[in-house]
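What's in data10.tsv: TSV, C-alpha atoms and all ligand atoms
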```tsv
chain	number	residue	atom	x	y	z
A	11	LYS	CA	-13.37	11.55	5.37
A	12	LEU	CA	-11.65	10.32	8.50
A	13	SER	CA	-10.60	12.63	11.32
A	14	LYS	CA	-9.91	12.29	15.02
A	15	ALA	CA	-13.40	13.64	15.69
A	16	VAL	CA	-14.96	10.95	13.48
A	17	ILE	CA	-12.92	8.29	15.29
A	18	ASP	CA	-13.95	9.62	18.70
A	19	SER	CA	-17.67	9.75	17.98
A	20	ALA	CA	-17.98	6.35	16.25
A	21	PRO	CA	-19.60	3.55	18.29
A	22	LYS	CA	-16.99	0.98	19.27
A	23	VAL	CA	-16.54	-2.50	20.79
A	24	GLU	CA	-13.54	-3.61	22.87
A	25	LEU	CA	-12.49	-7.29	23.02
A	26	HIS	CA	-9.01	-7.29	24.56
A	27	MET	CA	-8.51	-5.31	27.76
A	28	HIS	CA	-7.13	-6.54	31.09
A	29	LEU	CA	-8.94	-4.87	33.99
A	30	GLU	CA	-5.72	-4.93	36.05
A	31	GLY	CA	-4.12	-3.06	33.16
A	32	SER	CA	-6.65	-0.25	33.40
A	33	LEU	CA	-5.42	0.70	36.90
A	34	GLU	CA	-4.44	4.35	36.42
A	35	PRO	CA	-1.61	5.73	38.64
A	36	LYS	CA	-4.03	8.04	40.43
A	37	LEU	CA	-6.35	5.19	41.50
A	38	LEU	CA	-3.32	3.00	42.27
A	39	PHE	CA	-2.04	5.58	44.77
A	40	ALA	CA	-5.50	6.16	46.23
A	41	LEU	CA	-6.02	2.42	46.80
A	42	ALA	CA	-2.51	2.04	48.26
A	43	GLN	CA	-3.39	4.70	50.80
A	44	ARG	CA	-6.92	3.41	51.45
A	45	ASN	CA	-5.65	-0.14	52.05
A	46	ASN	CA	-2.40	0.82	53.74
A	47	VAL	CA	-0.36	-1.12	51.16
A	48	ASP	CA	3.12	-0.02	50.09
A	49	CYS	CA	2.81	0.28	46.32
A	50	GLY	CA	6.60	0.43	45.98
A	51	TYR	CA	6.75	3.90	44.43
A	52	GLU	CA	7.52	7.19	46.19
A	53	SER	CA	5.66	9.41	43.77
A	54	LEU	CA	3.63	9.56	40.59
A	55	GLU	CA	6.83	10.48	38.75
A	56	ALA	CA	8.71	7.44	40.12
A	57	LEU	CA	5.83	5.22	39.04
A	58	GLN	CA	5.63	6.65	35.55
A	59	LYS	CA	9.41	6.20	35.14
A	60	ALA	CA	8.85	2.46	35.62
A	61	TYR	CA	6.57	2.52	32.55
A	62	ASN	CA	9.59	2.29	30.26
A	63	PHE	CA	9.26	-1.26	29.03
A	64	SER	CA	11.68	-3.27	26.91
A	65	ASN	CA	9.55	-6.37	26.39
A	66	LEU	CA	6.48	-8.22	27.73
A	67	GLN	CA	8.16	-9.48	30.94
A	68	SER	CA	9.44	-6.05	31.97
A	69	PHE	CA	5.84	-4.82	31.72
A	70	LEU	CA	4.34	-7.81	33.54
A	71	ASP	CA	6.64	-7.20	36.55
A	72	VAL	CA	5.24	-3.67	36.95
A	73	TYR	CA	1.65	-4.79	36.17
A	74	TYR	CA	1.64	-7.51	38.86
A	75	ALA	CA	3.23	-5.12	41.39
A	76	GLY	CA	0.48	-2.57	40.71
A	77	ALA	CA	-2.23	-5.18	41.29
A	78	ASN	CA	-1.05	-5.56	44.90
A	79	VAL	CA	-3.21	-2.60	45.95
A	80	LEU	CA	-6.44	-4.46	45.00
A	81	LEU	CA	-7.81	-6.14	48.12
A	82	HIS	CA	-11.51	-5.51	48.73
A	83	GLU	CA	-14.68	-5.90	46.67
A	84	GLN	CA	-14.99	-2.12	46.44
A	85	ASP	CA	-11.47	-1.91	44.97
A	86	PHE	CA	-12.48	-4.24	42.13
A	87	TYR	CA	-15.66	-2.25	41.68
A	88	ASP	CA	-13.76	1.07	41.53
A	89	LEU	CA	-11.23	-0.38	39.06
A	90	THR	CA	-13.93	-1.71	36.74
A	91	TRP	CA	-16.12	1.37	37.06
A	92	ALA	CA	-13.23	3.69	36.11
A	93	TYR	CA	-12.79	1.63	32.91
A	94	VAL	CA	-16.53	1.72	32.21
A	95	LEU	CA	-16.52	5.53	32.50
A	96	LYS	CA	-13.62	5.73	30.02
A	97	CYS	CA	-15.53	3.49	27.61
A	98	HIS	CA	-18.64	5.59	27.96
A	99	ALA	CA	-16.65	8.78	27.27
A	100	GLN	CA	-15.23	7.15	24.11
A	101	ASN	CA	-18.53	5.71	22.88
A	102	VAL	CA	-17.48	2.09	23.48
A	103	ARG	CA	-20.80	0.26	23.70
A	104	HIS	CA	-19.86	-3.35	24.28
A	105	ILE	CA	-16.85	-4.70	26.22
A	106	GLU	CA	-15.37	-8.14	26.90
A	107	PRO	CA	-12.83	-7.42	29.63
A	108	PHE	CA	-10.28	-9.89	31.05
A	109	PHE	CA	-9.37	-10.41	34.68
A	110	ASP	CA	-6.57	-12.50	36.25
A	111	PRO	CA	-7.96	-14.19	39.40
A	112	GLN	CA	-4.71	-16.04	40.20
A	113	THR	CA	-2.88	-12.73	40.71
A	114	HIS	CA	-5.24	-11.91	43.58
A	115	LEU	CA	-5.91	-15.41	44.97
A	116	GLU	CA	-2.16	-15.69	45.57
A	117	ARG	CA	-2.40	-12.70	47.93
A	118	GLY	CA	-5.29	-14.15	49.91
A	119	VAL	CA	-8.10	-12.28	48.14
A	120	SER	CA	-11.13	-14.55	47.69
A	121	PHE	CA	-12.67	-15.37	44.31
A	122	GLU	CA	-15.97	-13.90	45.53
A	123	THR	CA	-14.36	-10.57	46.44
A	124	ILE	CA	-12.91	-10.25	42.92
A	125	ILE	CA	-15.88	-11.41	40.89
A	126	ASN	CA	-18.55	-9.60	42.90
A	127	GLY	CA	-16.77	-6.24	42.64
A	128	ILE	CA	-16.24	-6.57	38.89
A	129	ASP	CA	-19.74	-7.91	38.23
A	130	ARG	CA	-21.48	-5.13	40.16
A	131	ALA	CA	-19.70	-2.49	38.07
A	132	LEU	CA	-20.65	-4.29	34.84
A	133	ILE	CA	-24.30	-4.45	35.97
A	134	ASP	CA	-24.20	-0.69	36.66
A	135	ALA	CA	-22.65	-0.12	33.21
A	136	GLN	CA	-25.63	-1.90	31.65
A	137	SER	CA	-28.26	-0.07	33.67
A	138	GLN	CA	-26.73	3.42	33.55
A	139	PHE	CA	-25.26	3.48	30.03
A	140	GLY	CA	-26.80	0.52	28.20
A	141	MET	CA	-23.27	-0.83	27.90
A	142	SER	CA	-23.25	-4.61	27.39
A	143	SER	CA	-20.40	-6.85	28.50
A	144	MET	CA	-19.09	-10.42	28.61
A	145	LEU	CA	-16.47	-11.09	31.27
A	146	ILE	CA	-13.47	-13.32	30.44
A	147	MET	CA	-11.39	-15.04	33.12
A	148	CYS	CA	-7.73	-15.53	32.15
A	149	PHE	CA	-5.40	-18.28	33.33
A	150	LEU	CA	-1.80	-17.21	33.96
A	151	ARG	CA	0.37	-19.28	31.63
A	152	HIS	CA	3.56	-18.89	33.72
A	153	LEU	CA	1.79	-21.00	36.39
A	154	ASP	CA	1.02	-24.69	35.90
A	155	GLN	CA	-2.17	-26.24	34.57
A	156	GLU	CA	-3.01	-27.53	38.06
A	157	SER	CA	-3.36	-23.95	39.30
A	158	ALA	CA	-5.60	-23.15	36.32
A	159	PHE	CA	-7.82	-26.13	37.23
A	160	THR	CA	-8.07	-24.87	40.84
A	161	THR	CA	-9.13	-21.47	39.52
A	162	LEU	CA	-11.73	-23.01	37.21
A	163	GLU	CA	-13.10	-24.95	40.18
A	164	LEU	CA	-13.55	-21.68	42.12
A	165	ALA	CA	-15.30	-20.12	39.13
A	166	LYS	CA	-17.88	-22.92	38.88
A	167	SER	CA	-20.34	-21.29	41.28
A	168	HIS	CA	-20.09	-17.98	39.34
A	169	LEU	CA	-20.58	-19.15	35.77
A	170	SER	CA	-23.56	-16.82	35.33
A	171	LYS	CA	-21.08	-13.91	35.63
A	172	ILE	CA	-18.33	-15.35	33.40
A	173	SER	CA	-18.67	-15.82	29.64
A	174	GLY	CA	-15.31	-17.24	28.74
A	175	VAL	CA	-11.74	-18.10	29.62
A	176	GLY	CA	-8.47	-16.80	28.21
A	177	LEU	CA	-4.73	-17.34	28.56
A	178	ASP	CA	-2.27	-14.55	29.34
A	179	SER	CA	1.06	-13.60	30.99
A	180	SER	CA	4.57	-14.69	29.87
A	181	GLU	CA	4.18	-16.26	26.44
A	182	LEU	CA	7.65	-17.52	25.48
A	183	GLY	CA	8.24	-21.01	26.90
A	184	ASN	CA	4.56	-21.39	27.84
A	185	PRO	CA	2.86	-22.64	24.65
A	186	PRO	CA	-0.92	-23.07	24.50
A	187	GLU	CA	-0.76	-26.89	24.54
A	188	LYS	CA	0.37	-26.68	28.20
A	189	PHE	CA	-3.30	-25.88	28.96
A	190	SER	CA	-5.13	-28.31	26.64
A	191	GLU	CA	-7.02	-30.16	29.39
A	192	VAL	CA	-8.21	-27.11	31.33
A	193	PHE	CA	-9.45	-25.53	28.10
A	194	GLU	CA	-11.28	-28.75	27.22
A	195	LYS	CA	-12.91	-28.71	30.67
A	196	SER	CA	-13.83	-25.03	30.23
A	197	ARG	CA	-15.43	-25.81	26.86
A	198	GLU	CA	-17.50	-28.59	28.46
A	199	LEU	CA	-18.76	-26.01	30.98
A	200	GLY	CA	-20.05	-23.91	28.08
A	201	LEU	CA	-17.40	-21.19	28.31
A	202	LYS	CA	-16.09	-19.30	25.27
A	203	LEU	CA	-12.37	-19.74	24.62
A	204	VAL	CA	-9.66	-17.22	23.70
A	205	ALA	CA	-5.87	-17.17	24.16
A	206	HIS	CA	-2.97	-14.77	23.77
A	207	ALA	CA	-0.77	-16.19	21.01
A	208	GLY	CA	1.73	-14.74	18.56
A	209	GLU	CA	2.43	-11.57	20.55
A	210	GLU	CA	6.04	-12.43	21.44
A	211	GLY	CA	5.66	-16.13	20.69
A	212	PRO	CA	6.04	-17.69	17.22
A	213	ALA	CA	3.32	-18.49	14.68
A	214	SER	CA	3.37	-22.12	15.89
A	215	TYR	CA	1.74	-20.91	19.14
A	216	ILE	CA	-1.19	-19.61	17.09
A	217	TRP	CA	-1.58	-23.01	15.45
A	218	SER	CA	-1.48	-24.58	18.92
A	219	ALA	CA	-4.14	-22.21	20.30
A	220	ILE	CA	-6.41	-23.18	17.38
A	221	ASN	CA	-5.71	-26.92	17.25
A	222	ASP	CA	-4.95	-27.80	20.89
A	223	LEU	CA	-7.20	-25.29	22.71
A	224	GLN	CA	-9.90	-24.77	20.04
A	225	VAL	CA	-10.07	-21.06	20.73
A	226	GLN	CA	-12.65	-18.80	19.07
A	227	ARG	CA	-10.34	-15.77	18.97
A	228	ILE	CA	-6.60	-15.14	19.04
A	229	ASP	CA	-5.41	-12.30	21.27
A	230	HIS	CA	-2.66	-10.32	19.45
A	231	GLY	CA	-1.63	-12.85	16.77
A	232	VAL	CA	0.54	-10.34	14.90
A	233	ARG	CA	3.31	-12.89	14.36
A	234	ALA	CA	0.94	-14.79	12.06
A	235	ILE	CA	2.61	-12.70	9.36
A	236	GLU	CA	5.59	-15.10	9.51
A	237	ASP	CA	3.51	-18.05	8.24
A	238	GLU	CA	1.74	-17.67	4.89
A	239	GLN	CA	-0.24	-20.90	5.30
A	240	LEU	CA	-1.44	-19.79	8.74
A	241	MET	CA	-2.58	-16.43	7.36
A	242	ARG	CA	-4.57	-18.14	4.63
A	243	HIS	CA	-6.14	-20.41	7.25
A	244	LEU	CA	-7.01	-17.52	9.61
A	245	ALA	CA	-8.61	-15.63	6.72
A	246	GLN	CA	-10.54	-18.68	5.53
A	247	ILE	CA	-12.07	-19.52	8.91
A	248	ARG	CA	-12.49	-15.80	9.82
A	249	MET	CA	-10.56	-16.35	13.06
A	250	PRO	CA	-10.53	-12.95	14.78
A	251	LEU	CA	-7.27	-11.37	15.96
A	252	THR	CA	-7.57	-8.86	18.80
A	253	VAL	CA	-4.68	-6.58	17.89
A	254	CYS	CA	-3.39	-3.93	20.34
A	255	PRO	CA	-1.33	-1.30	18.48
A	256	LEU	CA	-0.11	0.88	21.38
A	257	SER	CA	0.72	-2.22	23.44
A	258	ASN	CA	2.79	-3.68	20.61
A	259	THR	CA	4.92	-0.56	20.27
A	260	LYS	CA	5.33	-0.03	24.05
A	261	LEU	CA	6.46	-3.67	24.46
A	262	LYS	CA	8.73	-3.45	21.39
A	263	VAL	CA	6.95	-6.06	19.31
A	264	PHE	CA	7.31	-3.28	16.72
A	265	GLU	CA	9.92	-0.55	17.12
A	266	HIS	CA	7.57	2.18	15.85
A	267	MET	CA	3.89	2.39	14.94
A	268	SER	CA	4.85	3.03	11.30
A	269	GLN	CA	6.21	-0.57	11.27
A	270	HIS	CA	3.04	-2.16	12.65
A	271	ASN	CA	1.61	-4.89	10.39
A	272	ILE	CA	-2.11	-4.43	11.20
A	273	PHE	CA	-3.07	-3.25	7.71
A	274	GLN	CA	-1.03	-6.00	6.03
A	275	LEU	CA	-3.07	-8.50	8.05
A	276	LEU	CA	-6.30	-6.69	7.17
A	277	ASP	CA	-5.35	-6.68	3.46
A	278	LYS	CA	-4.87	-10.46	3.63
A	279	GLY	CA	-8.53	-10.74	4.60
A	280	LEU	CA	-8.05	-11.47	8.30
A	281	CYS	CA	-10.70	-10.48	10.85
A	282	VAL	CA	-8.47	-7.94	12.59
A	283	THR	CA	-9.80	-5.81	15.48
A	284	VAL	CA	-8.31	-2.90	17.48
A	285	ASN	CA	-8.06	-2.96	21.28
A	286	SER	CA	-6.17	-1.28	24.14
A	287	ASP	CA	-4.76	-4.29	26.14
A	288	ASP	CA	-3.52	-2.39	29.24
A	289	PRO	CA	-4.60	1.20	28.65
A	290	ALA	CA	-3.23	2.67	31.90
A	291	TYR	CA	0.25	1.40	31.02
A	292	PHE	CA	0.44	1.83	27.25
A	293	GLY	CA	-0.73	5.39	26.70
A	294	GLY	CA	-4.37	5.12	25.89
A	295	TYR	CA	-7.79	3.58	25.47
A	296	MET	CA	-9.66	2.76	22.26
A	297	ASN	CA	-9.63	6.24	20.73
A	298	GLU	CA	-5.91	6.73	21.31
A	299	ASN	CA	-5.19	3.40	19.59
A	300	PHE	CA	-7.19	4.44	16.53
A	301	HIS	CA	-5.56	7.89	16.56
A	302	ALA	CA	-2.14	6.22	16.39
A	303	LEU	CA	-3.20	4.18	13.34
A	304	TYR	CA	-4.58	7.31	11.71
A	305	GLN	CA	-1.46	9.37	12.36
A	306	ASP	CA	1.33	6.85	11.78
A	307	LEU	CA	-0.24	4.41	9.33
A	308	ALA	CA	-2.62	6.74	7.46
A	309	MET	CA	-5.68	4.61	8.32
A	310	SER	CA	-8.44	5.34	5.78
A	311	ALA	CA	-12.16	5.74	6.44
A	312	SER	CA	-12.88	2.36	4.86
A	313	GLN	CA	-10.18	0.61	6.91
A	314	PHE	CA	-11.62	2.19	10.07
A	315	LYS	CA	-15.10	1.02	9.14
A	316	GLN	CA	-13.84	-2.51	8.48
A	317	LEU	CA	-12.04	-2.65	11.84
A	318	LEU	CA	-15.20	-1.54	13.67
A	319	SER	CA	-17.40	-4.07	11.92
A	320	ASN	CA	-14.84	-6.85	12.52
A	321	SER	CA	-15.09	-6.17	16.28
A	322	VAL	CA	-18.85	-6.61	16.20
A	323	GLU	CA	-18.49	-9.82	14.18
A	324	ALA	CA	-15.77	-11.15	16.55
A	325	SER	CA	-17.67	-10.34	19.74
A	326	PHE	CA	-19.49	-12.91	21.86
A	327	ALA	CA	-22.59	-10.72	22.00
A	328	SER	CA	-25.93	-12.27	21.03
A	329	GLN	CA	-27.07	-12.00	17.41
A	330	ALA	CA	-29.72	-9.48	18.51
A	331	ARG	CA	-27.15	-7.32	20.29
A	332	LYS	CA	-24.79	-7.51	17.30
A	333	LEU	CA	-27.50	-6.02	15.11
A	334	GLN	CA	-27.77	-3.07	17.51
A	335	LEU	CA	-24.00	-2.63	17.53
A	336	GLN	CA	-23.57	-2.62	13.73
B	1	LIG	N1	-1.37	-9.50	30.70
B	1	LIG	C1	-1.71	-8.22	30.57
B	1	LIG	N2	-1.34	-7.76	29.37
B	1	LIG	C2	-0.77	-8.79	28.70
B	1	LIG	C3	-0.19	-8.95	27.42
B	1	LIG	N3	-0.13	-7.96	26.54
B	1	LIG	N4	0.31	-10.16	27.10
B	1	LIG	C4	0.27	-11.16	27.97
B	1	LIG	N5	-0.25	-11.06	29.18
B	1	LIG	C5	-0.76	-9.88	29.56
B	2	ZN	ZN	-3.44	-8.82	26.55
```

What does the file become when written as structure tokens?
Amino acid sequence: KLSKAVIDSAPKVELHMHLEGSLEPKLLFALAQRNNVDCGYESLEALQKAYNFSNLQSFLDVYYAGANVLLHEQDFYDLTWAYVLKCHAQNVRHIEPFFDPQTHLERGVSFETIINGIDRALIDAQSQFGMSSMLIMCFLRHLDQESAFTTLELAKSHLSKISGVGLDSSELGNPPEKFSEVFEKSRELGLKLVAHAGEEGPASYIWSAINDLQVQRIDHGVRAIEDEQLMRHLAQIRMPLTVCPLSNTKLKVFEHMSQHNIFQLLDKGLCVTVNSDDPAYFGGYMNENFHALYQDLAMSASQFKQLLSNSVEASFASQARKLQLQ
């Protein structure tokens, strides 16, 4: 029988988590002080008041402001290491975190500074905890494709540290097809492909991510529910959806967790997974997301088991590693 204790102790995999979104207020203030950067908030209370989001954009404004305190390699190490420690405490054994290089390049931080800090923490995660990882570099979709190409060019000398590319930021008005060429180029370089689609955007954006970008996973994808044919297709090709329950309620994709459609999608045979998205901003990491499904949607033991095994199936880990994770 399922309980919070069973949820907490189960081995887990996380496939949709933005490192910049794991910046906890305490580390944010410490880095602001260490780097002599004005973080824009007087106090912890003032900062937490800003965490009252009405949609994706109102969150992104706060998320990009918070990222301003990240300047040096050690900052990116500390950020990533804090997330690794959380994962270890929650028995998360394999992670595929996202990072947004353009957010930092814009402020004069070099690509090397970012990637070396993150990579060193992921290497330590492997050696200290046996935690495996695959790093995913996201392009910001509110910027143009030219900027994404520049970013990909910078990444070329670090491809041993990067497993894939993704697409995030403001979805409405920035459909996947805007990035067809840079995704094609990424695929030629041997990178895995994922994209946010169907979070705030319509089901047609999910079709576009599949057909125009040839992604191997859809991040969010909850608006697939509006297109029966799409749902049948997603189920048939076992296209994974990396669903983020707490994120979706904080950003008002669903008014309340009791209205979340995750188990409707699961019942339709889709390869649905559970993830935290931006855990420092949305009220929790992996365990807290599962707790919410247990409390508000009466998640059963068999549903929990299915969600865990879907994450292993949907991961980019090697076949040998997947066997260990099952
Ligand atoms: N960047 C960080 N979190 C995001 C989300 N939920 N959607 C789009 N871009 C993001
Ligand atoms: Zn996301």

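For the atom pair formed by CA of His152 (chain A) and CA of Asp178 (chain A), the distance is 8.5 Å, given to one decimal.
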
Notebook entry, point to check: Around (-21.1, -10.4, 33.0) in the file's own coordinates, what residues are found within 9 Å if you use all atoms listed in the file, given back as a PyMOL selection string?
Noted result: chain A and resi 106+128-130+132-133+142-146+170-173

Proximity of chain A to ligand LIG 1 (chain B): per-residue shortest pair, 9 Å limit, all atoms listed in the file, as CSV:
```
residue,atom,partner,partner_atom,distance
A:Met27,CA,B:LIG1,N2,7.7
A:His28,CA,B:LIG1,C1,5.7
A:Leu29,CA,B:LIG1,C1,8.7
A:Glu30,CA,B:LIG1,C1,7.5
A:Gly31,CA,B:LIG1,C1,6.3
A:Leu66,CA,B:LIG1,N4,6.5
A:Gln67,CA,B:LIG1,C4,8.6
A:Phe69,CA,B:LIG1,N2,8.1
A:Leu70,CA,B:LIG1,N1,6.6
A:Tyr73,CA,B:LIG1,C1,7.4
A:Tyr74,CA,B:LIG1,N1,8.9
A:Phe108,CA,B:LIG1,C1,8.7
A:Phe109,CA,B:LIG1,C1,9.0
A:Asp110,CA,B:LIG1,N1,8.2
A:Cys148,CA,B:LIG1,N1,8.9
A:Leu150,CA,B:LIG1,N5,7.9
A:Arg151,CA,B:LIG1,N5,8.6
A:Leu177,CA,B:LIG1,N5,7.7
A:Asp178,CA,B:LIG1,N5,4.0
A:Ser179,CA,B:LIG1,N5,3.4
A:Ser180,CA,B:LIG1,C4,5.9
A:Glu181,CA,B:LIG1,C4,6.6
A:His206,CA,B:LIG1,C4,6.4
A:Ala207,CA,B:LIG1,N4,8.6
A:Glu209,CA,B:LIG1,N4,7.0
A:Glu210,CA,B:LIG1,N4,8.4
A:Asp229,CA,B:LIG1,N4,8.4
A:His230,CA,B:LIG1,N3,7.9
A:Cys254,CA,B:LIG1,N3,8.1
A:Ser257,CA,B:LIG1,N3,6.6
A:Asn258,CA,B:LIG1,N3,7.9
A:Leu261,CA,B:LIG1,N3,8.1
A:Asp287,CA,B:LIG1,N2,5.8
A:Asp288,CA,B:LIG1,N2,5.8
```

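Picture a line from CA of Arg242 (chain A) to CA of Ala311 (chain A); it runs 25.1 Å.
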
Margin query: I'd like to know which of A:Arg248, A:His301, A:Lys262, A:Lys22 is closest to Met141 (chain A), using only C-alpha atoms.
Written below: A:Lys22

Note to self: Applying 9 Å and all atoms listed in the file, which residues near region 312-321 of chain A remain after dropping the ones on its own chain fewer than 6 positions away? List them as a list in words.
What the structure shows: Leu12, Ile17, Ala20, Pro21, Lys22, Val23, Glu24, Leu25, Pro250, Thr252, Phe273, Leu276, Cys281, Val282, Thr283, Val284, Phe300, Tyr304, Leu335 and Gln336 of chain A

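Distances here use only C-alpha atoms and all ligand atoms; by that measure, the residue among A:Tyr295, A:Ala205, A:Ser325, A:Phe139 closest to ligand ZN 2 (chain B) is A:Ala205.
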
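Minimum atom-to-atom distance to Gln138 (chain A), evaluated using all atoms listed in the file, belongs to A:His98 out of A:Val79, A:His98, A:Leu89, A:Asp237.
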
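Checking A:Glu55, A:Asp134, A:Glu236, A:Glu34 one by one against Ala92 (chain A), counting only C-alpha atoms, you find the shortest gap at A:Glu34.
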
Check: Any idea what's packed within 12 Å of Glu156 (chain A), counting only C-alpha atoms, ignoring anything in its chain fewer than 5 positions away? Could you give it as a list in words?
Finding: Gln112, Phe149, Leu150, Arg151, Thr161, Leu162, Glu163, Lys188, Phe189, Ser190, Glu191 and Val192 of chain A

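Checking A:Met296, A:Ile235, A:Ile228, A:Leu95 one by one against ligand ZN 2 (chain B), counting all atoms listed in the file, you find the shortest gap at A:Ile228.
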
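Of the residues under consideration (A:Ala77, A:Met147, A:Leu201, A:Val253), A:Val253 shows the shortest atom-to-atom contact distance to ligand ZN 2 (chain B) when counting only C-alpha atoms and all ligand atoms.
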
Check: So which residues touch Asp85 (chain A) within 10 Å, counting all atoms listed in the file, skipping near sequence neighbours fewer than 5 positions away, as a VMD selection string?
Finding: chain A and resid 37 to 38 41 44 to 45 79 to 80 90 to 91 123 to 124 127 to 128

Next item on the list: Counting only C-alpha atoms, note down every residue that has an atom within 8 Å of the point (2.3, 4.5, 11.0) (file coordinates), as an MDAnalysis selection string.
Entry: chainID A and resid 266:270 302:308

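Put simply, CA of Ile272 (chain A) is 26.8 Å away from CA of Gln329 (chain A).
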
Next item on the list: Find the spatial neighbours of Ala245 (chain A), counting only C-alpha atoms, within a cut-off of 8 Å - ignore same-chain residues fewer than 5 positions away - and output them as a PyMOL selection string.
Entry: chain A and resi 278-281

Restricting the output to C-alpha atoms, write the selected residues as a short mmCIF file (atom, residue, chain, number, x, y, z; two decimals), keeping the file's coordinate frame.
```
data_model
loop_
_atom_site.label_atom_id
_atom_site.label_comp_id
_atom_site.auth_asym_id
_atom_site.auth_seq_id
_atom_site.Cartn_x
_atom_site.Cartn_y
_atom_site.Cartn_z
CA LYS A 278 -4.87 -10.46 3.63
CA GLY A 279 -8.53 -10.74 4.60
CA LEU A 280 -8.05 -11.47 8.30
CA CYS A 281 -10.70 -10.48 10.85
#
```

Because some atoms of region 221-233 of chain A are absent here, can you restore N, CA and C atoms and send them as a JSON list (two decimals), in the coordinates of the input?
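Okay, rebuild-v3.json is ready:
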```
[["chain", "number", "residue", "atom", "x", "y", "z"],
["A", 221, "ASN", "N", -5.56, -25.46, 17.33],
["A", 221, "ASN", "CA", -5.71, -26.92, 17.25],
["A", 221, "ASN", "C", -5.78, -27.60, 18.61],
["A", 222, "ASP", "N", -5.00, -27.13, 19.58],
["A", 222, "ASP", "CA", -4.95, -27.80, 20.89],
["A", 222, "ASP", "C", -5.97, -27.22, 21.87],
["A", 223, "LEU", "N", -6.25, -25.92, 21.77],
["A", 223, "LEU", "CA", -7.20, -25.29, 22.71],
["A", 223, "LEU", "C", -8.57, -25.05, 22.10],
["A", 224, "GLN", "N", -8.64, -25.06, 20.77],
["A", 224, "GLN", "CA", -9.90, -24.77, 20.04],
["A", 224, "GLN", "C", -10.49, -23.41, 20.38],
["A", 225, "VAL", "N", -9.62, -22.42, 20.41],
["A", 225, "VAL", "CA", -10.07, -21.06, 20.73],
["A", 225, "VAL", "C", -10.94, -20.47, 19.63],
["A", 226, "GLN", "N", -11.77, -19.49, 20.02],
["A", 226, "GLN", "CA", -12.65, -18.80, 19.07],
["A", 226, "GLN", "C", -12.10, -17.44, 18.65],
["A", 227, "ARG", "N", -11.04, -17.00, 19.36],
["A", 227, "ARG", "CA", -10.34, -15.77, 18.97],
["A", 227, "ARG", "C", -8.89, -15.91, 19.41],
["A", 228, "ILE", "N", -8.01, -15.22, 18.67],
["A", 228, "ILE", "CA", -6.60, -15.14, 19.04],
["A", 228, "ILE", "C", -6.34, -13.72, 19.55],
["A", 229, "ASP", "N", -5.77, -13.61, 20.74],
["A", 229, "ASP", "CA", -5.41, -12.30, 21.27],
["A", 229, "ASP", "C", -3.99, -11.95, 20.79],
["A", 230, "HIS", "N", -3.86, -10.81, 20.17],
["A", 230, "HIS", "CA", -2.66, -10.32, 19.45],
["A", 230, "HIS", "C", -2.57, -11.05, 18.09],
["A", 231, "GLY", "N", -1.72, -12.09, 18.02],
["A", 231, "GLY", "CA", -1.63, -12.85, 16.77],
["A", 231, "GLY", "C", -0.83, -12.19, 15.66],
["A", 232, "VAL", "N", -0.14, -11.09, 15.97],
["A", 232, "VAL", "CA", 0.54, -10.34, 14.90],
["A", 232, "VAL", "C", 1.68, -11.11, 14.24],
["A", 233, "ARG", "N", 2.22, -12.11, 14.97],
["A", 233, "ARG", "CA", 3.31, -12.89, 14.36],
["A", 233, "ARG", "C", 2.79, -13.94, 13.38]]
```
